[in-house]
$ cat my_file.pdb   # PDB, C-alpha atoms, pLDDT in the B column
MODEL        1
ATOM      1  CA  MET A1411     -16.487  84.570 -16.995  1.00 62.00           C
ATOM      2  CA  LYS A1412     -13.054  85.787 -17.752  1.00 73.00           C
ATOM      3  CA  LYS A1413     -12.549  88.994 -19.688  1.00 73.00           C
ATOM      4  CA  LYS A1414     -10.735  87.173 -22.543  1.00 72.00           C
ATOM      5  CA  THR A1415     -13.622  84.720 -22.959  1.00 78.00           C
ATOM      6  CA  VAL A1416     -16.164  87.543 -23.179  1.00 74.00           C
ATOM      7  CA  ILE A1417     -14.017  89.360 -25.753  1.00 79.00           C
ATOM      8  CA  LYS A1418     -13.734  86.179 -27.876  1.00 78.00           C
ATOM      9  CA  ILE A1419     -17.507  85.636 -27.763  1.00 82.00           C
ATOM     10  CA  VAL A1420     -18.244  89.249 -28.736  1.00 76.00           C
ATOM     11  CA  ALA A1421     -15.616  89.132 -31.501  1.00 78.00           C
ATOM     12  CA  GLY A1422     -17.143  85.890 -32.827  1.00 80.00           C
ATOM     13  CA  ILE A1423     -20.625  87.420 -32.896  1.00 85.00           C
ATOM     14  CA  VAL A1424     -19.338  90.538 -34.693  1.00 81.00           C
ATOM     15  CA  VAL A1425     -17.483  88.457 -37.294  1.00 79.00           C
ATOM     16  CA  PHE A1426     -20.567  86.292 -37.845  1.00 81.00           C
ATOM     17  CA  TRP A1427     -22.777  89.338 -38.477  1.00 82.00           C
ATOM     18  CA  LEU A1428     -20.194  90.921 -40.764  1.00 78.00           C
ATOM     19  CA  VAL A1429     -20.118  87.759 -42.881  1.00 76.00           C
ATOM     20  CA  VAL A1430     -23.936  87.606 -43.018  1.00 72.00           C
ATOM     21  CA  ILE A1431     -24.194  91.290 -43.976  1.00 76.00           C
ATOM     22  CA  SER A1432     -21.469  90.902 -46.627  1.00 68.00           C
ATOM     23  CA  ILE A1433     -23.257  87.945 -48.217  1.00 67.00           C
ATOM     24  CA  CYS A1434     -26.541  89.845 -48.249  1.00 59.00           C
ATOM     25  CA  CYS A1435     -24.907  92.898 -49.838  1.00 58.00           C
ATOM     26  CA  VAL A1436     -23.256  90.820 -52.570  1.00 57.00           C
ATOM     27  CA  ARG A1437     -26.524  89.022 -53.380  1.00 56.00           C
ATOM     28  CA  TRP A1438     -28.411  92.336 -53.423  1.00 53.00           C
ATOM     29  CA  TYR A1439     -25.828  93.919 -55.732  1.00 52.00           C
ATOM     30  CA  ASN A1440     -25.856  90.975 -58.152  1.00 53.00           C
ATOM     31  CA  GLY A1441     -29.634  90.875 -58.268  1.00 52.00           C
ATOM     32  CA  PRO A1442     -32.008  87.972 -58.148  1.00 49.00           C
ATOM     33  CA  SER A1443     -30.498  84.506 -58.293  1.00 46.00           C
ATOM     34  CA  ARG A1444     -31.263  82.067 -61.091  1.00 49.00           C
ATOM     35  CA  ALA A1445     -34.000  80.567 -58.904  1.00 42.00           C
ATOM     36  CA  ILE A1446     -35.737  83.940 -58.815  1.00 47.00           C
ATOM     37  CA  GLU A1447     -35.400  84.235 -62.617  1.00 54.00           C
ATOM     38  CA  ILE A1448     -37.317  80.958 -62.932  1.00 56.00           C
ATOM     39  CA  PHE A1449     -40.134  82.575 -60.959  1.00 65.00           C
ATOM     40  CA  GLU A1450     -40.035  85.429 -63.491  1.00 73.00           C
ATOM     41  CA  ASP A1451     -41.593  83.009 -66.023  1.00 76.00           C
ATOM     42  CA  GLU A1452     -44.572  82.643 -63.704  1.00 85.00           C
ATOM     43  CA  ILE A1453     -44.725  86.414 -63.223  1.00 87.00           C
ATOM     44  CA  PHE A1454     -44.585  86.906 -66.999  1.00 88.00           C
ATOM     45  CA  GLU A1455     -47.521  84.527 -67.495  1.00 89.00           C
ATOM     46  CA  ARG A1456     -49.460  86.228 -64.696  1.00 90.00           C
ATOM     47  CA  ASP A1457     -48.927  89.717 -66.146  1.00 93.00           C
ATOM     48  CA  TYR A1458     -49.029  88.820 -69.839  1.00 94.00           C
ATOM     49  CA  ARG A1459     -52.460  90.337 -70.519  1.00 94.00           C
ATOM     50  CA  GLU A1460     -51.465  93.730 -69.075  1.00 95.00           C
ATOM     51  CA  LEU A1461     -48.098  93.662 -70.848  1.00 95.00           C
ATOM     52  CA  VAL A1462     -49.810  93.071 -74.204  1.00 94.00           C
ATOM     53  CA  LYS A1463     -52.219  95.970 -73.555  1.00 94.00           C
ATOM     54  CA  MET A1464     -49.244  98.268 -73.015  1.00 94.00           C
ATOM     55  CA  VAL A1465     -47.462  96.958 -76.122  1.00 92.00           C
ATOM     56  CA  ASP A1466     -50.583  97.612 -78.197  1.00 93.00           C
ATOM     57  CA  PHE A1467     -50.885 101.118 -76.781  1.00 93.00           C
ATOM     58  CA  LEU A1468     -47.235 102.067 -77.289  1.00 91.00           C
ATOM     59  CA  ASP A1469     -47.156 100.549 -80.800  1.00 89.00           C
ATOM     60  CA  SER A1470     -50.235 102.587 -81.736  1.00 88.00           C
ATOM     61  CA  LEU A1471     -48.415 105.876 -81.048  1.00 85.00           C
ATOM     62  CA  GLU A1472     -47.430 106.552 -84.664  1.00 80.00           C
ATOM     63  CA  ASP A1473     -45.373 109.735 -84.291  1.00 84.00           C
ATOM     64  CA  VAL A1474     -43.581 108.610 -81.103  1.00 84.00           C
ATOM     65  CA  GLU A1475     -40.007 107.311 -81.319  1.00 85.00           C
ATOM     66  CA  ASP A1476     -39.365 106.907 -77.566  1.00 89.00           C
ATOM     67  CA  ALA A1477     -41.695 106.918 -74.563  1.00 90.00           C
ATOM     68  CA  TYR A1478     -41.131 106.450 -70.850  1.00 91.00           C
ATOM     69  CA  ILE A1479     -43.694 105.834 -68.091  1.00 91.00           C
ATOM     70  CA  ASP A1480     -42.603 105.570 -64.472  1.00 87.00           C
ATOM     71  CA  SER A1481     -45.638 106.660 -62.502  1.00 83.00           C
ATOM     72  CA  THR A1482     -49.402 106.286 -62.388  1.00 79.00           C
ATOM     73  CA  ASP A1483     -50.191 109.972 -62.933  1.00 85.00           C
ATOM     74  CA  SER A1484     -51.478 109.361 -66.519  1.00 83.00           C
ATOM     75  CA  THR A1485     -48.501 111.079 -68.147  1.00 86.00           C
ATOM     76  CA  MET A1486     -45.357 109.971 -69.915  1.00 90.00           C
ATOM     77  CA  LEU A1487     -42.136 111.414 -71.282  1.00 87.00           C
ATOM     78  CA  VAL A1488     -42.217 111.283 -75.085  1.00 88.00           C
ATOM     79  CA  GLU A1489     -39.736 111.932 -77.867  1.00 87.00           C
ATOM     80  CA  ASN A1490     -41.466 112.376 -81.200  1.00 85.00           C
ATOM     81  CA  LYS A1491     -39.920 111.169 -84.452  1.00 81.00           C
ATOM     82  CA  ASP A1492     -39.042 114.782 -85.279  1.00 83.00           C
ATOM     83  CA  GLY A1493     -36.877 114.931 -82.120  1.00 83.00           C
ATOM     84  CA  GLN A1494     -39.257 117.070 -80.061  1.00 86.00           C
ATOM     85  CA  ILE A1495     -39.385 116.001 -76.395  1.00 85.00           C
ATOM     86  CA  VAL A1496     -42.694 116.310 -74.569  1.00 86.00           C
ATOM     87  CA  LYS A1497     -42.584 115.966 -70.802  1.00 86.00           C
ATOM     88  CA  ASP A1498     -45.851 114.954 -69.156  1.00 84.00           C
ATOM     89  CA  ALA A1499     -47.579 113.919 -72.386  1.00 86.00           C
ATOM     90  CA  GLU A1500     -51.120 112.959 -71.460  1.00 86.00           C
ATOM     91  CA  ILE A1501     -52.305 109.345 -71.666  1.00 86.00           C
ATOM     92  CA  SER A1502     -55.956 109.823 -72.546  1.00 85.00           C
ATOM     93  CA  ASP A1503     -57.031 106.162 -72.651  1.00 87.00           C
ATOM     94  CA  GLU A1504     -58.407 105.336 -69.179  1.00 90.00           C
ATOM     95  CA  ASP A1505     -57.932 101.590 -69.765  1.00 91.00           C
ATOM     96  CA  VAL A1506     -54.219 102.187 -70.385  1.00 91.00           C
ATOM     97  CA  VAL A1507     -53.922 104.361 -67.262  1.00 90.00           C
ATOM     98  CA  LEU A1508     -55.541 101.567 -65.243  1.00 92.00           C
ATOM     99  CA  THR A1509     -53.167  99.002 -66.802  1.00 92.00           C
ATOM    100  CA  VAL A1510     -50.152 101.164 -65.891  1.00 92.00           C
ATOM    101  CA  SER A1511     -51.447 101.402 -62.333  1.00 92.00           C
ATOM    102  CA  VAL A1512     -51.941  97.629 -62.117  1.00 93.00           C
ATOM    103  CA  LEU A1513     -48.420  96.938 -63.419  1.00 93.00           C
ATOM    104  CA  MET A1514     -46.824  99.452 -61.037  1.00 91.00           C
ATOM    105  CA  LYS A1515     -48.675  97.866 -58.114  1.00 92.00           C
ATOM    106  CA  LYS A1516     -47.394  94.470 -59.234  1.00 91.00           C
ATOM    107  CA  GLY A1517     -43.807  95.681 -58.869  1.00 89.00           C
ATOM    108  CA  TYR A1518     -42.795  97.200 -62.206  1.00 92.00           C
ATOM    109  CA  TYR A1519     -40.624 100.310 -61.998  1.00 90.00           C
ATOM    110  CA  SER A1520     -41.017 101.639 -65.516  1.00 91.00           C
ATOM    111  CA  ILE A1521     -42.430 100.970 -68.954  1.00 92.00           C
ATOM    112  CA  ALA A1522     -40.493 102.292 -71.925  1.00 91.00           C
ATOM    113  CA  LYS A1523     -40.375 102.284 -75.709  1.00 90.00           C
ATOM    114  CA  ASN A1524     -37.088 102.758 -77.581  1.00 88.00           C
ATOM    115  CA  SER A1525     -37.480 102.487 -81.366  1.00 82.00           C
ATOM    116  CA  ASN A1526     -38.382  98.790 -81.932  1.00 85.00           C
ATOM    117  CA  THR A1527     -38.314  97.705 -78.266  1.00 88.00           C
ATOM    118  CA  ILE A1528     -40.937  98.002 -75.562  1.00 90.00           C
ATOM    119  CA  TYR A1529     -39.634  96.942 -72.181  1.00 91.00           C
ATOM    120  CA  PHE A1530     -40.948  96.579 -68.665  1.00 93.00           C
ATOM    121  CA  GLU A1531     -38.392  97.097 -65.885  1.00 91.00           C
ATOM    122  CA  ARG A1532     -39.193  94.636 -63.114  1.00 89.00           C
ATOM    123  CA  TRP A1533     -36.075  94.823 -60.950  1.00 86.00           C
ATOM    124  CA  ARG A1534     -33.303  97.372 -60.440  1.00 82.00           C
ATOM    125  CA  ASN A1535     -30.530  98.280 -58.072  1.00 80.00           C
ATOM    126  CA  PRO A1536     -28.813 101.634 -57.544  1.00 77.00           C
ATOM    127  CA  PHE A1537     -25.670 100.457 -59.336  1.00 74.00           C
ATOM    128  CA  GLY A1538     -27.124 100.504 -62.856  1.00 74.00           C
ATOM    129  CA  CYS A1539     -28.395  96.925 -63.091  1.00 83.00           C
ATOM    130  CA  SER A1540     -31.958  96.174 -64.158  1.00 87.00           C
ATOM    131  CA  LYS A1541     -33.966  93.189 -65.350  1.00 90.00           C
ATOM    132  CA  GLY A1542     -37.365  92.734 -66.865  1.00 91.00           C
ATOM    133  CA  PHE A1543     -39.405  91.780 -69.889  1.00 92.00           C
ATOM    134  CA  ALA A1544     -39.002  93.154 -73.406  1.00 91.00           C
ATOM    135  CA  PHE A1545     -40.975  92.953 -76.634  1.00 92.00           C
ATOM    136  CA  SER A1546     -39.402  93.375 -80.068  1.00 89.00           C
ATOM    137  CA  SER A1547     -42.027  95.036 -82.278  1.00 84.00           C
ATOM    138  CA  ASP A1548     -40.194  94.324 -85.539  1.00 81.00           C
ATOM    139  CA  SER A1549     -39.606  90.579 -84.871  1.00 72.00           C
ATOM    140  CA  SER A1550     -35.845  91.028 -85.309  1.00 74.00           C
ATOM    141  CA  GLY A1551     -34.922  89.949 -81.806  1.00 70.00           C
ATOM    142  CA  GLU A1552     -32.617  92.974 -81.619  1.00 77.00           C
ATOM    143  CA  LEU A1553     -33.498  94.876 -78.451  1.00 83.00           C
ATOM    144  CA  ASP A1554     -32.806  98.583 -78.046  1.00 81.00           C
ATOM    145  CA  ILE A1555     -32.130  98.690 -74.293  1.00 80.00           C
ATOM    146  CA  GLN A1556     -29.313 100.738 -72.810  1.00 76.00           C
ATOM    147  CA  TYR A1557     -26.413  98.661 -71.379  1.00 75.00           C
ATOM    148  CA  LEU A1558     -27.960  95.353 -72.470  1.00 78.00           C
ATOM    149  CA  ILE A1559     -25.779  92.400 -71.418  1.00 81.00           C
ATOM    150  CA  GLY A1560     -28.118  89.404 -71.533  1.00 82.00           C
ATOM    151  CA  VAL A1561     -31.285  88.198 -73.235  1.00 83.00           C
ATOM    152  CA  MET A1562     -33.323  85.047 -72.710  1.00 85.00           C
ATOM    153  CA  VAL A1563     -36.095  84.096 -75.153  1.00 85.00           C
ATOM    154  CA  LEU A1564     -39.503  83.570 -73.526  1.00 86.00           C
ATOM    155  CA  ASP A1565     -42.235  81.173 -74.666  1.00 85.00           C
ATOM    156  CA  LYS A1566     -44.331  83.882 -76.365  1.00 87.00           C
ATOM    157  CA  THR A1567     -43.266  85.119 -79.807  1.00 89.00           C
ATOM    158  CA  ASP A1568     -41.047  88.247 -79.762  1.00 90.00           C
ATOM    159  CA  TRP A1569     -40.887  88.346 -75.929  1.00 90.00           C
ATOM    160  CA  TYR A1570     -37.616  88.298 -73.987  1.00 89.00           C
ATOM    161  CA  TYR A1571     -36.254  88.461 -70.457  1.00 90.00           C
ATOM    162  CA  TYR A1572     -33.459  91.043 -70.447  1.00 86.00           C
ATOM    163  CA  ILE A1573     -30.612  92.023 -68.160  1.00 87.00           C
ATOM    164  CA  SER A1574     -28.861  95.370 -68.380  1.00 85.00           C
ATOM    165  CA  ASP A1575     -25.894  96.369 -66.253  1.00 79.00           C
ATOM    166  CA  TYR A1576     -23.797  99.469 -66.815  1.00 67.00           C
ATOM    167  CA  GLU A1577     -20.629  98.175 -65.132  1.00 70.00           C
ATOM    168  CA  MET A1578     -20.600  94.822 -66.935  1.00 69.00           C
ATOM    169  CA  TRP A1579     -21.473  96.515 -70.259  1.00 67.00           C
ATOM    170  CA  ARG A1580     -18.641  99.011 -69.764  1.00 65.00           C
ATOM    171  CA  VAL A1581     -16.142  96.207 -69.128  1.00 71.00           C
ATOM    172  CA  MET A1582     -17.411  94.156 -72.096  1.00 72.00           C
ATOM    173  CA  ASN A1583     -17.287  97.088 -74.514  1.00 70.00           C
TER
ENDMDL
END
$ encode --input "my_file.pdb" --output "structure tokens"
Amino acid sequence: MKKKTVIKIVAGIVVFWLVVISICCVRWYNGPSRAIEIFEDEIFERDYRELVKMVDFLDSLEDVEDAYIDSTDSTMLVENKDGQIVKDAEISDEDVVLTVSVLMKKGYYSIAKNSNTIYFERWRNPFGCSKGFAFSSDSSGELDIQYLIGVMVLDKTDWYYYISDYEMWRVMN
């Protein structure tokens, strides 16, 4: 083969792989496609029992304004209503610890409570975008999630699929 032919073939292969990698990076940055969001309904139904257990637990914490769980070590970060922050607050209910472990194994990154909202982060990327399920404990439909840009009502009362994205929120506000 001639040298020019080999160079054209190699250049074509390189361009092809650059296009494939670019498409993959854009899809990864933008998160799951709408088709994947449809599957989220099935995931929500599958995990509903565990999600409700966590909602019941977090709602029962009377003096807690905010709580954050991101591991299975039976602790959480808590901000009490008086503003005191407690790192590694113990979760004493073994059933709740088991539920947290089950949810984390099923792909959830964190479980959090912010005032009237309890949310379950199911997907995230390093650019400040996350998606998941949220429960509004005061039935207002107003979710207290940082950088919230989209909400979709789910079939169960007071449950939502949320999307938060810092960059899009910054541009919108």
$ resolve_selection --input "my_file.pdb" --expression "the PyMOL selection byres ((chain A and resi 1514) around 12)" --output "MDAnalysis selection string"
chainID A and resid 1457 1460:1461 1479:1483 1507:1513 1515:1521 1530:1533
$ closest_residue --input "my_file.pdb" --among "A:Ser1525, A:Thr1415, A:Asn1583, A:Ser1470" --to "Lys1491 (chain A)" --atoms "only C-alpha atoms"
A:Ser1525
$ resolve_selection --input "my_file.pdb" --expression "the PyMOL selection byres ((chain A and resi 1546-1562) around 7)" --output "list of chain:residue names"
A:Asn1524, A:Ser1525, A:Asn1526, A:Thr1527, A:Ile1528, A:Ala1544, A:Phe1545, A:Val1563, A:Leu1564, A:Asp1568, A:Trp1569, A:Tyr1570, A:Tyr1571, A:Tyr1572, A:Ile1573, A:Ser1574, A:Asp1575, A:Tyr1576, A:Trp1579
$ atom_distance --input "my_file.pdb" --atom1 "CA of Phe1543 (chain A)" --atom2 "CA of Glu1472 (chain A)"
22.4 Å
$ residues_around --input "my_file.pdb" --residues "Ile1501 (chain A)" --least-positions-apart "5" --cutoff "8 Å" --atoms "all atoms listed in the file" --output "list in words"
Ser1484, Thr1485, Met1486, Val1506 and Val1507 of chain A
$ resolve_selection --input "my_file.pdb" --expression "the PyMOL selection byres ((chain A and resi 1496) around 12)" --output "list in words"
Val1474, Glu1475, Asp1476, Ala1477, Tyr1478, Thr1485, Met1486, Leu1487, Val1488, Glu1489, Asn1490, Lys1491, Asp1492, Gly1493, Gln1494, Ile1495, Lys1497, Asp1498, Ala1499 and Glu1500 of chain A
$ axis_aligned_box --input "my_file.pdb" --around "region 1534-1543 of chain A" --padding-each-side "5 Å" --output "JSON"
{"center_x": -32.5, "center_y": 96.7, "center_z": -63.7, "size_x": 23.7, "size_y": 19.9, "size_z": 22.3}
$ closest_residue --input "my_file.pdb" --among "A:Lys1566, A:Phe1467, A:Lys1541, A:Val1430" --to "Ser1502 (chain A)" --atoms "only C-alpha atoms"
A:Phe1467
$ atom_distance --input "my_file.pdb" --atom1 "CA of Gly1538 (chain A)" --atom2 "CA of Val1581 (chain A)"
13.4 Å
$ atom_distance --input "my_file.pdb" --atom1 "CA of Lys1523 (chain A)" --atom2 "CA of Met1464 (chain A)"
10.1 Å
$ closest_residue --input "my_file.pdb" --among "A:Met1582, A:Gly1542, A:Lys1414, A:Val1429" --to "Ile1453 (chain A)" --atoms "only C-alpha atoms"
A:Gly1542
$ decode --input "my_file.pdb" --residues "region 1470-1503 of chain A" --atoms "N, CA and C atoms" --output "tab-separated table (two decimals), in the first residue's frame"
chain	number	residue	atom	x	y	z
A	1470	SER	N	-39.77	11.36	61.29
A	1470	SER	CA	-39.92	11.15	62.74
A	1470	SER	C	-38.87	11.88	63.57
A	1471	LEU	N	-37.82	12.39	62.92
A	1471	LEU	CA	-36.78	13.13	63.64
A	1471	LEU	C	-37.29	14.55	63.91
A	1472	GLU	N	-37.88	14.76	65.07
A	1472	GLU	CA	-38.60	16.00	65.37
A	1472	GLU	C	-37.71	17.24	65.44
A	1473	ASP	N	-36.54	17.12	66.04
A	1473	ASP	CA	-35.70	18.31	66.23
A	1473	ASP	C	-34.69	18.52	65.10
A	1474	VAL	N	-34.82	17.73	64.02
A	1474	VAL	CA	-33.87	17.80	62.91
A	1474	VAL	C	-34.45	18.63	61.77
A	1475	GLU	N	-33.72	19.66	61.35
A	1475	GLU	CA	-34.12	20.47	60.21
A	1475	GLU	C	-33.59	19.86	58.91
A	1476	ASP	N	-32.30	19.52	58.89
A	1476	ASP	CA	-31.65	18.93	57.71
A	1476	ASP	C	-30.89	17.68	58.13
A	1477	ALA	N	-30.86	16.69	57.24
A	1477	ALA	CA	-30.09	15.47	57.48
A	1477	ALA	C	-29.52	15.00	56.15
A	1478	TYR	N	-28.37	14.34	56.23
A	1478	TYR	CA	-27.71	13.87	55.01
A	1478	TYR	C	-27.05	12.53	55.29
A	1479	ILE	N	-27.38	11.53	54.47
A	1479	ILE	CA	-26.80	10.19	54.60
A	1479	ILE	C	-26.18	9.84	53.26
A	1480	ASP	N	-24.88	9.50	53.28
A	1480	ASP	CA	-24.23	9.12	52.03
A	1480	ASP	C	-23.36	7.88	52.17
A	1481	SER	N	-23.56	7.14	53.25
A	1481	SER	CA	-22.79	5.91	53.42
A	1481	SER	C	-23.61	4.94	54.27
A	1482	THR	N	-23.11	3.74	54.39
A	1482	THR	CA	-23.81	2.70	55.15
A	1482	THR	C	-23.20	2.48	56.52
A	1483	ASP	N	-22.51	3.50	57.05
A	1483	ASP	CA	-21.83	3.31	58.34
A	1483	ASP	C	-22.71	3.65	59.55
A	1484	SER	N	-24.01	3.71	59.38
A	1484	SER	CA	-25.02	3.98	60.41
A	1484	SER	C	-24.88	5.36	61.06
A	1485	THR	N	-24.36	6.33	60.29
A	1485	THR	CA	-24.30	7.70	60.78
A	1485	THR	C	-24.82	8.65	59.71
A	1486	MET	N	-25.13	9.86	60.14
A	1486	MET	CA	-25.59	10.88	59.21
A	1486	MET	C	-25.13	12.25	59.71
A	1487	LEU	N	-25.11	13.20	58.79
A	1487	LEU	CA	-24.83	14.59	59.13
A	1487	LEU	C	-26.17	15.24	59.41
A	1488	VAL	N	-26.28	15.93	60.55
A	1488	VAL	CA	-27.57	16.47	60.98
A	1488	VAL	C	-27.40	17.93	61.36
A	1489	GLU	N	-28.39	18.75	60.95
A	1489	GLU	CA	-28.49	20.11	61.47
A	1489	GLU	C	-29.80	20.20	62.23
A	1490	ASN	N	-29.69	20.45	63.53
A	1490	ASN	CA	-30.88	20.56	64.37
A	1490	ASN	C	-31.59	21.87	64.10
A	1491	LYS	N	-32.83	21.97	64.56
A	1491	LYS	CA	-33.61	23.19	64.34
A	1491	LYS	C	-33.01	24.41	65.02
A	1492	ASP	N	-32.18	24.17	66.05
A	1492	ASP	CA	-31.51	25.29	66.72
A	1492	ASP	C	-30.23	25.71	66.02
A	1493	GLY	N	-29.91	25.08	64.87
A	1493	GLY	CA	-28.74	25.44	64.08
A	1493	GLY	C	-27.49	24.64	64.39
A	1494	GLN	N	-27.53	23.81	65.42
A	1494	GLN	CA	-26.38	22.99	65.78
A	1494	GLN	C	-26.17	21.88	64.76
A	1495	ILE	N	-24.93	21.73	64.28
A	1495	ILE	CA	-24.60	20.70	63.30
A	1495	ILE	C	-23.91	19.54	64.01
A	1496	VAL	N	-24.41	18.34	63.78
A	1496	VAL	CA	-23.86	17.14	64.39
A	1496	VAL	C	-23.36	16.23	63.28
A	1497	LYS	N	-22.05	16.08	63.20
A	1497	LYS	CA	-21.47	15.17	62.22
A	1497	LYS	C	-21.45	13.77	62.82
A	1498	ASP	N	-21.73	12.79	62.04
A	1498	ASP	CA	-21.75	11.39	62.48
A	1498	ASP	C	-22.78	11.14	63.56
A	1499	ALA	N	-23.98	11.71	63.41
A	1499	ALA	CA	-25.08	11.41	64.32
A	1499	ALA	C	-25.48	9.95	64.11
A	1500	GLU	N	-25.63	9.24	65.18
A	1500	GLU	CA	-25.89	7.80	65.12
A	1500	GLU	C	-27.32	7.50	64.68
A	1501	ILE	N	-27.46	6.54	63.78
A	1501	ILE	CA	-28.77	5.99	63.42
A	1501	ILE	C	-28.92	4.72	64.24
A	1502	SER	N	-29.79	4.75	65.22
A	1502	SER	CA	-29.87	3.62	66.15
A	1502	SER	C	-30.82	2.52	65.69
A	1503	ASP	N	-31.73	2.82	64.79
A	1503	ASP	CA	-32.69	1.83	64.31
A	1503	ASP	C	-32.02	0.92	63.28
